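Structure below is start.cif: mmCIF, C-alpha atoms and all ligand atoms.
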data_model
loop_
_atom_site.label_atom_id
_atom_site.label_comp_id
_atom_site.auth_asym_id
_atom_site.auth_seq_id
_atom_site.Cartn_x
_atom_site.Cartn_y
_atom_site.Cartn_z
CA MET A 26 98.94 134.21 89.58
CA ARG A 27 102.68 134.89 89.49
CA SER A 28 105.21 132.10 89.36
CA THR A 29 106.48 132.66 92.92
CA GLN A 30 102.90 132.60 94.22
CA VAL A 31 102.24 129.23 92.58
CA GLN A 32 105.38 127.82 94.21
CA GLN A 33 104.29 129.23 97.59
CA LEU A 34 100.83 127.74 97.17
CA LEU A 35 102.31 124.29 96.45
CA GLU A 36 104.55 124.54 99.51
CA GLU A 37 101.60 125.56 101.66
CA LEU A 38 99.42 122.66 100.44
CA HIS A 39 102.27 120.18 100.80
CA ALA A 40 102.86 121.22 104.42
CA LYS A 41 99.14 121.17 105.17
CA TYR A 42 98.37 117.73 103.73
CA ALA A 43 101.56 115.95 104.80
CA ASP A 44 99.78 115.46 108.13
CA LEU A 45 96.93 113.60 106.45
CA ARG A 46 97.76 109.97 107.16
CA ASP A 47 94.45 108.29 106.31
CA GLY A 48 94.20 105.43 103.86
CA LYS A 49 96.57 102.63 103.04
CA VAL A 50 99.18 101.60 100.50
CA ALA A 51 97.91 99.12 97.86
CA ASP A 52 98.88 95.57 98.75
CA TYR A 53 96.91 93.35 96.35
CA ILE A 54 99.97 93.62 94.08
CA PRO A 55 102.62 92.63 96.68
CA GLU A 56 105.41 94.75 95.19
CA LEU A 57 103.31 97.91 95.53
CA SER A 58 103.06 97.41 99.30
CA LYS A 59 106.75 98.36 99.55
CA ALA A 60 105.95 102.00 98.72
CA ASP A 61 106.85 104.60 101.36
CA PRO A 62 103.55 105.80 102.89
CA ASP A 63 105.12 109.16 103.74
CA ALA A 64 106.30 109.89 100.21
CA PHE A 65 104.46 112.98 98.99
CA GLY A 66 105.19 115.16 95.99
CA VAL A 67 103.29 117.78 94.00
CA VAL A 68 104.35 119.17 90.61
CA ILE A 69 102.76 121.66 88.24
CA ALA A 70 104.04 122.00 84.66
CA THR A 71 102.56 124.82 82.60
CA VAL A 72 102.07 124.68 78.83
CA GLU A 73 104.84 127.31 78.61
CA GLY A 74 107.22 124.82 80.23
CA GLU A 75 107.43 126.42 83.68
CA ILE A 76 107.79 123.81 86.44
CA HIS A 77 106.88 124.12 90.13
CA GLU A 78 107.69 121.17 92.35
CA VAL A 79 107.62 120.36 96.02
CA GLY A 80 108.38 117.24 98.10
CA VAL A 81 109.16 113.83 96.63
CA SER A 82 108.99 114.87 92.99
CA ARG A 83 111.86 112.82 91.52
CA ALA A 84 111.30 109.37 93.04
CA GLU A 85 110.04 106.71 90.65
CA PHE A 86 106.74 104.87 90.95
CA THR A 87 104.72 102.88 88.42
CA LEU A 88 101.96 104.35 86.31
CA GLN A 89 99.39 101.60 86.97
CA SER A 90 96.03 102.85 85.71
CA MET A 91 97.48 106.24 84.83
CA SER A 92 98.87 104.45 81.77
CA LYS A 93 95.37 103.82 80.42
CA PRO A 94 94.54 107.20 78.81
CA PHE A 95 97.92 107.31 77.04
CA VAL A 96 97.68 103.78 75.64
CA TYR A 97 94.10 104.54 74.58
CA GLY A 98 95.49 107.52 72.61
CA LEU A 99 98.01 105.26 70.87
CA ALA A 100 95.28 102.73 70.04
CA LEU A 101 93.18 105.54 68.56
CA GLU A 102 96.12 106.46 66.32
CA ASP A 103 96.63 102.80 65.41
CA ARG A 104 93.04 101.76 64.75
CA GLY A 105 90.83 104.84 64.53
CA ARG A 106 87.86 105.92 66.57
CA GLU A 107 85.23 103.76 64.86
CA PHE A 108 87.12 100.52 65.45
CA LEU A 109 87.72 101.32 69.10
CA LEU A 110 84.12 102.38 69.68
CA SER A 111 82.93 99.11 68.21
CA ARG A 112 84.79 97.19 70.95
CA VAL A 113 85.06 99.50 73.96
CA GLY A 114 82.37 102.00 74.98
CA VAL A 115 82.62 105.48 76.47
CA GLU A 116 80.14 105.22 79.35
CA PRO A 117 81.09 105.57 83.03
CA THR A 118 80.47 102.34 84.94
CA GLY A 119 79.79 103.56 88.47
CA GLU A 120 81.72 100.42 89.43
CA ALA A 121 85.23 99.74 90.75
CA PHE A 122 88.26 99.70 88.40
CA ASN A 123 88.37 95.89 88.30
CA SER A 124 84.65 95.23 88.05
CA ILE A 125 83.46 92.34 85.96
CA ILE A 126 79.74 93.02 86.42
CA GLU A 127 79.08 95.20 83.39
CA LEU A 128 80.85 92.70 81.15
CA GLU A 129 78.91 89.74 82.38
CA GLU A 130 75.48 91.20 83.03
CA LYS A 131 75.07 94.08 80.62
CA THR A 132 76.63 94.85 77.24
CA HIS A 133 79.24 92.04 77.14
CA ARG A 134 81.83 94.60 76.15
CA PRO A 135 83.82 96.97 78.34
CA TYR A 136 82.01 100.17 79.25
CA ASN A 137 85.08 102.38 78.83
CA PRO A 138 88.89 102.23 78.43
CA MET A 139 89.65 103.57 81.93
CA VAL A 140 88.47 100.42 83.75
CA ASN A 141 90.61 97.29 83.59
CA SER A 142 88.42 95.41 81.11
CA GLY A 143 88.50 98.27 78.61
CA ALA A 144 92.23 98.86 79.10
CA ILE A 145 93.09 95.19 78.54
CA ALA A 146 90.99 95.23 75.35
CA VAL A 147 92.75 98.43 74.24
CA ALA A 148 96.20 96.90 74.92
CA SER A 149 95.24 94.03 72.60
CA MET A 150 94.72 96.56 69.78
CA ILE A 151 98.21 98.11 69.82
CA ARG A 152 99.94 97.40 66.53
CA GLY A 153 103.30 95.60 66.24
CA GLU A 154 104.74 92.19 65.41
CA GLY A 155 104.74 90.33 68.73
CA MET A 156 105.34 91.48 72.28
CA SER A 157 108.67 93.29 71.97
CA ALA A 158 107.58 95.46 69.01
CA ARG A 159 104.40 96.42 70.81
CA ILE A 160 105.99 97.24 74.13
CA SER A 161 108.68 99.26 72.33
CA ARG A 162 105.99 101.31 70.65
CA ILE A 163 104.29 101.87 74.00
CA LEU A 164 107.56 102.90 75.67
CA ASP A 165 108.40 105.23 72.80
CA MET A 166 104.96 106.79 73.14
CA PHE A 167 105.59 107.38 76.88
CA ARG A 168 109.00 108.88 76.03
CA ARG A 169 107.28 111.48 73.85
CA TYR A 170 105.08 112.47 76.82
CA THR A 171 107.82 112.52 79.48
CA GLY A 172 110.56 113.94 77.26
CA ARG A 173 113.01 111.26 78.47
CA PRO A 174 113.40 107.49 78.01
CA VAL A 175 111.29 105.42 80.41
CA GLY A 176 111.28 101.71 81.23
CA VAL A 177 109.30 98.96 82.88
CA ASN A 178 109.85 98.18 86.58
CA ALA A 179 110.56 94.44 86.27
CA ALA A 180 109.75 93.63 89.91
CA VAL A 181 106.33 95.30 89.75
CA PHE A 182 105.61 93.67 86.39
CA ALA A 183 106.46 90.21 87.77
CA SER A 184 104.45 90.79 90.94
CA GLU A 185 101.42 92.05 89.05
CA ARG A 186 101.62 89.22 86.53
CA GLU A 187 101.78 86.59 89.24
CA THR A 188 98.78 87.82 91.21
CA ALA A 189 96.49 89.04 88.40
CA HIS A 190 93.83 86.37 88.71
CA ARG A 191 90.99 88.83 88.42
CA ASN A 192 92.46 90.56 85.35
CA ARG A 193 92.99 87.14 83.76
CA ALA A 194 89.35 86.29 84.43
CA ILE A 195 88.30 89.58 82.81
CA ALA A 196 90.44 88.87 79.74
CA HIS A 197 89.04 85.37 79.33
CA LEU A 198 85.50 86.63 79.69
CA MET A 199 86.23 89.20 76.97
CA ARG A 200 87.61 86.44 74.77
CA HIS A 201 84.39 84.52 75.36
CA PHE A 202 82.39 87.53 74.15
CA ASN A 203 84.76 88.08 71.19
CA VAL A 204 85.90 91.51 72.39
CA ILE A 205 89.54 90.39 72.11
CA GLY A 206 91.28 87.89 69.83
CA PRO A 207 93.07 84.65 70.73
CA GLU A 208 96.27 86.37 71.98
CA ILE A 209 94.94 86.66 75.52
CA ASP A 210 98.28 86.30 77.32
CA LEU A 211 99.94 88.80 75.03
CA ALA A 212 97.23 91.37 75.73
CA LEU A 213 97.54 90.76 79.48
CA ASP A 214 101.34 90.95 79.47
CA LEU A 215 101.21 94.20 77.53
CA TYR A 216 98.68 95.57 80.01
CA PHE A 217 100.81 94.52 83.02
CA GLN A 218 103.85 96.12 81.43
CA GLN A 219 102.13 99.42 80.63
CA CYS A 220 100.97 99.49 84.28
CA SER A 221 104.58 98.88 85.39
CA VAL A 222 106.15 101.76 83.45
CA SER A 223 108.17 103.77 85.94
CA VAL A 224 107.94 107.59 86.14
CA THR A 225 108.42 110.41 88.63
CA CYS A 226 105.91 113.01 89.72
CA HIS A 227 107.91 115.50 87.61
CA ASP A 228 107.46 113.23 84.54
CA LEU A 229 103.78 112.85 85.25
CA ALA A 230 103.20 116.61 85.38
CA LEU A 231 104.92 116.97 82.00
CA MET A 232 102.83 114.13 80.58
CA ALA A 233 99.73 115.97 81.77
CA ALA A 234 101.05 119.29 80.42
CA THR A 235 101.59 117.63 77.04
CA LEU A 236 97.89 116.75 76.96
CA ALA A 237 97.08 120.29 78.16
CA LYS A 238 99.07 121.64 75.21
CA GLY A 239 97.06 119.69 72.63
CA GLY A 240 99.51 116.77 72.47
CA VAL A 241 102.81 118.68 72.20
CA HIS A 242 105.48 118.38 74.92
CA PRO A 243 106.07 121.85 76.45
CA LEU A 244 109.87 121.49 76.61
CA THR A 245 110.89 119.24 73.70
CA GLY A 246 108.21 120.49 71.27
CA GLU A 247 107.68 116.90 70.14
CA ARG A 248 104.14 115.82 69.33
CA ALA A 249 103.00 112.86 71.46
CA LEU A 250 99.43 112.57 70.17
CA ARG A 251 97.32 114.04 67.39
CA ALA A 252 95.39 117.10 68.62
CA ASP A 253 91.95 115.76 67.64
CA LEU A 254 92.61 112.59 69.66
CA VAL A 255 93.70 114.55 72.75
CA ARG A 256 90.11 115.71 73.00
CA ASP A 257 88.86 112.09 73.05
CA VAL A 258 91.37 111.08 75.72
CA LEU A 259 90.55 114.05 77.96
CA THR A 260 86.82 113.47 77.64
CA LEU A 261 87.17 109.89 78.84
CA MET A 262 89.43 110.94 81.69
CA PHE A 263 86.81 113.47 82.73
CA THR A 264 83.84 111.09 82.68
CA CYS A 265 85.50 107.79 83.64
CA GLY A 266 89.04 108.46 84.93
CA MET A 267 88.15 108.18 88.61
CA TYR A 268 85.89 105.12 88.28
CA ASP A 269 83.07 105.05 90.82
CA SER A 270 84.01 108.44 92.22
CA ALA A 271 84.20 110.16 88.79
CA GLY A 272 81.11 112.23 89.59
CA ASP A 273 82.53 113.46 92.87
CA TRP A 274 85.85 114.33 91.18
CA ALA A 275 84.07 116.22 88.36
CA TYR A 276 82.02 118.11 90.94
CA SER A 277 84.80 118.98 93.36
CA VAL A 278 87.83 119.28 91.04
CA GLY A 279 86.31 119.74 87.60
CA ILE A 280 89.21 118.79 85.32
CA PRO A 281 90.10 115.57 83.46
CA GLY A 282 92.01 113.37 85.92
CA LYS A 283 93.38 109.86 86.27
CA SER A 284 94.59 107.95 89.28
CA GLY A 285 96.68 104.82 89.71
CA VAL A 286 96.94 102.41 92.65
CA SER A 287 100.64 103.27 93.01
CA GLY A 288 99.44 106.58 94.50
CA GLY A 289 99.79 108.98 91.59
CA ILE A 290 97.05 111.23 90.27
CA PHE A 291 97.41 113.59 87.34
CA GLY A 292 95.06 116.26 86.10
CA VAL A 293 94.96 118.28 82.90
CA VAL A 294 93.83 121.91 82.71
CA PRO A 295 93.43 122.31 78.94
CA GLY A 296 95.49 125.16 77.52
CA ARG A 297 97.04 125.91 80.90
CA MET A 298 98.86 123.20 82.85
CA GLY A 299 99.40 119.63 83.94
CA ILE A 300 99.31 118.76 87.64
CA ALA A 301 100.65 115.61 89.31
CA VAL A 302 100.54 114.41 92.90
CA TYR A 303 102.25 111.36 94.33
CA SER A 304 101.29 109.89 97.70
CA PRO A 305 100.64 106.14 98.02
CA LEU A 306 98.04 106.22 100.83
CA LEU A 307 94.81 105.28 99.04
CA ASP A 308 91.09 105.57 99.69
CA PRO A 309 88.81 102.53 99.10
CA HIS A 310 88.34 103.51 95.42
CA GLY A 311 92.12 103.23 94.87
CA HIS A 312 92.82 106.99 94.70
CA SER A 313 95.56 108.82 96.59
CA ILE A 314 93.93 110.58 99.55
CA ARG A 315 96.45 113.42 99.76
CA GLY A 316 96.28 113.61 95.97
CA GLU A 317 92.55 114.20 95.98
CA ALA A 318 92.83 116.75 98.79
CA VAL A 319 95.51 118.73 96.94
CA PHE A 320 93.54 118.67 93.69
CA ARG A 321 90.36 119.88 95.41
CA GLU A 322 92.09 122.80 97.04
CA LEU A 323 94.16 123.74 93.99
CA SER A 324 91.04 123.71 91.86
CA THR A 325 89.16 126.00 94.23
CA ARG A 326 92.02 128.42 94.81
CA LEU A 327 93.20 128.65 91.22
CA GLY A 328 89.72 128.39 89.63
CA LEU A 329 90.72 125.35 87.58
CA SER A 330 87.36 123.70 86.87
CA VAL A 331 86.65 123.62 83.15
CA PHE A 332 83.25 125.03 84.06
CA HIS A 333 84.66 127.94 86.04
CA ALA A 334 83.43 131.00 84.14
CA GLY A 335 86.39 133.18 83.30
CA ALA A 336 88.89 130.40 84.04
CA HIS A 337 90.55 130.96 80.71
N1 LIG A 401 97.48 97.38 87.39
C1 LIG A 401 96.37 97.64 88.26
C2 LIG A 401 95.32 96.55 88.08
O1 LIG A 401 95.08 96.13 86.99
C3 LIG A 401 95.83 98.98 87.94
C4 LIG A 401 94.74 99.42 88.86
C5 LIG A 401 94.71 100.92 89.11
O2 LIG A 401 95.75 101.58 89.10
O3 LIG A 401 93.60 101.46 89.34
O4 LIG A 401 94.75 96.11 89.02
#

Once you've parsed the file, please lay out its structure as structure tokens.
Ligand code: GLU
Amino acid sequence: MRSTQVQQLLEELHAKYADLRDGKVADYIPELSKADPDAFGVVIATVEGEIHEVGVSRAEFTLQSMSKPFVYGLALEDRGREFLLSRVGVEPTGEAFNSIIELEEKTHRPYNPMVNSGAIAVASMIRGEGMSARISRILDMFRRYTGRPVGVNAAVFASERETAHRNRAIAHLMRHFNVIGPEIDLALDLYFQQCSVSVTCHDLALMAATLAKGGVHPLTGERALRADLVRDVLTLMFTCGMYDSAGDWAYSVGIPGKSGVSGGIFGVVPGRMGIAVYSPLLDPHGHSIRGEAVFRELSTRLGLSVFHAGAH
């Protein structure tokens, strides 16, 4: 498909789904409830560095759970696959993002790094002397993916930190089962901060395109993650990235994807492109409704599923 046709397709889908007003903005983190329900942006960044964008593509929102695959990649670089696998599994849960059930009733360790329990455990593994060294390393890692400096939205961080009773319970339960060490508050604060990193839809598409290009940013040429670890990250996004609707996403979209309760979703078409959608109206699983609709249609019309014969 030619460049102008891709742009036209994005404009068509944006116009079509702007009318979709189902769902609601996340409000369990009070600061997130301030998001504009009408905000809607779609961006595609190809591995060659071509960008197509439509709608609200340059407004900032927080990564929330979209931070999880990237921080998992950094932890893999820091600690290696064996160490991570010994603490956090790679099995889909079939449960919600903040479920505590599998921890308590089953293996006593997180099923995977895309649910909150696994992500909090992974945050505890990031190397660095104290909080500021660790958060700097995380922010520098995000800079390599976006190609520009990024920061933490202090208001969202404070709001999340204040209301995170469930995440605190998860962390303490993991401490009880020896999944994480004694620095429980540090792990939680790191996790809240990674969730509060502020990006635009344009940034998110480039982050996805960096994963699509084997870990190298399409415009800066800087490596953000080792190529062999990109495979691990994308596999987990594919099987676990959409929580208890991961199967439906794999079936209807067919590419590694990750959502966040701020309303962003990004998807990676390996070797081809990164796609990002921003629209804060969420379904009950915590995924952007317009985001899912756009991904489904883009996947069908552009033949994006990794199982689409002849896709590459
Ligand atoms: N920071 C959010 C939480 O821990 C992330 C949830 C999400 O985006 O799915 O509840």

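Among all protein and nucleic acid residues, the ones that lie within 8 Å of ligand LIG 401 (chain A) when counting only C-alpha atoms and all ligand atoms are Ile54, Leu88, Gln89, Ser90, Met91, Phe122, Asn123, Val140, Asn141, Glu185, Ala189, Asn192, Tyr216, Phe217, Cys220, Ser221, Ser284, Gly285, Val286, Ser287, Gly311 and His312 of chain A.
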
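Atom CA of Pro135 of chain A is found 24.7 Å from atom CA of Tyr276 of chain A.
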
Exercise. Identify the residues around (92.1, 90.8, 79.8) within a radius of 12 Å, measuring from only C-alpha atoms in the coordinates stated by the file, and give them as number ranges by chain.
Key: A: 123-125, 128, 134-135, 138, 140-150, 186, 189-217

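A straight line drawn from atom CA of Gly316 of chain A to atom CA of Ala275 of chain A is 14.6 Å long.
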
Exercise. For the point (101.9, 112.3, 70.3) in the file's frame, write as JSON, numbers by chain all residues with an atom no more than 8 Å away, counting only C-alpha atoms.
Key: {"A": [166, 169, 170, 240, 241, 247, 248, 249, 250, 251]}

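Between atom CA of Cys226 of chain A and atom CA of Ser82 of chain A lies a distance of 4.9 Å.
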
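Every protein or nucleic acid residue with an atom no more than 8 Å from Glu78 of chain A, counting all atoms listed in the file and leaving out same-chain residues fewer than 2 positions away, appears here: Gln32, Leu35, Gly66, Val67, Val68, Ile69, Ile76, Gly80, Ser82 and His227 of chain A.
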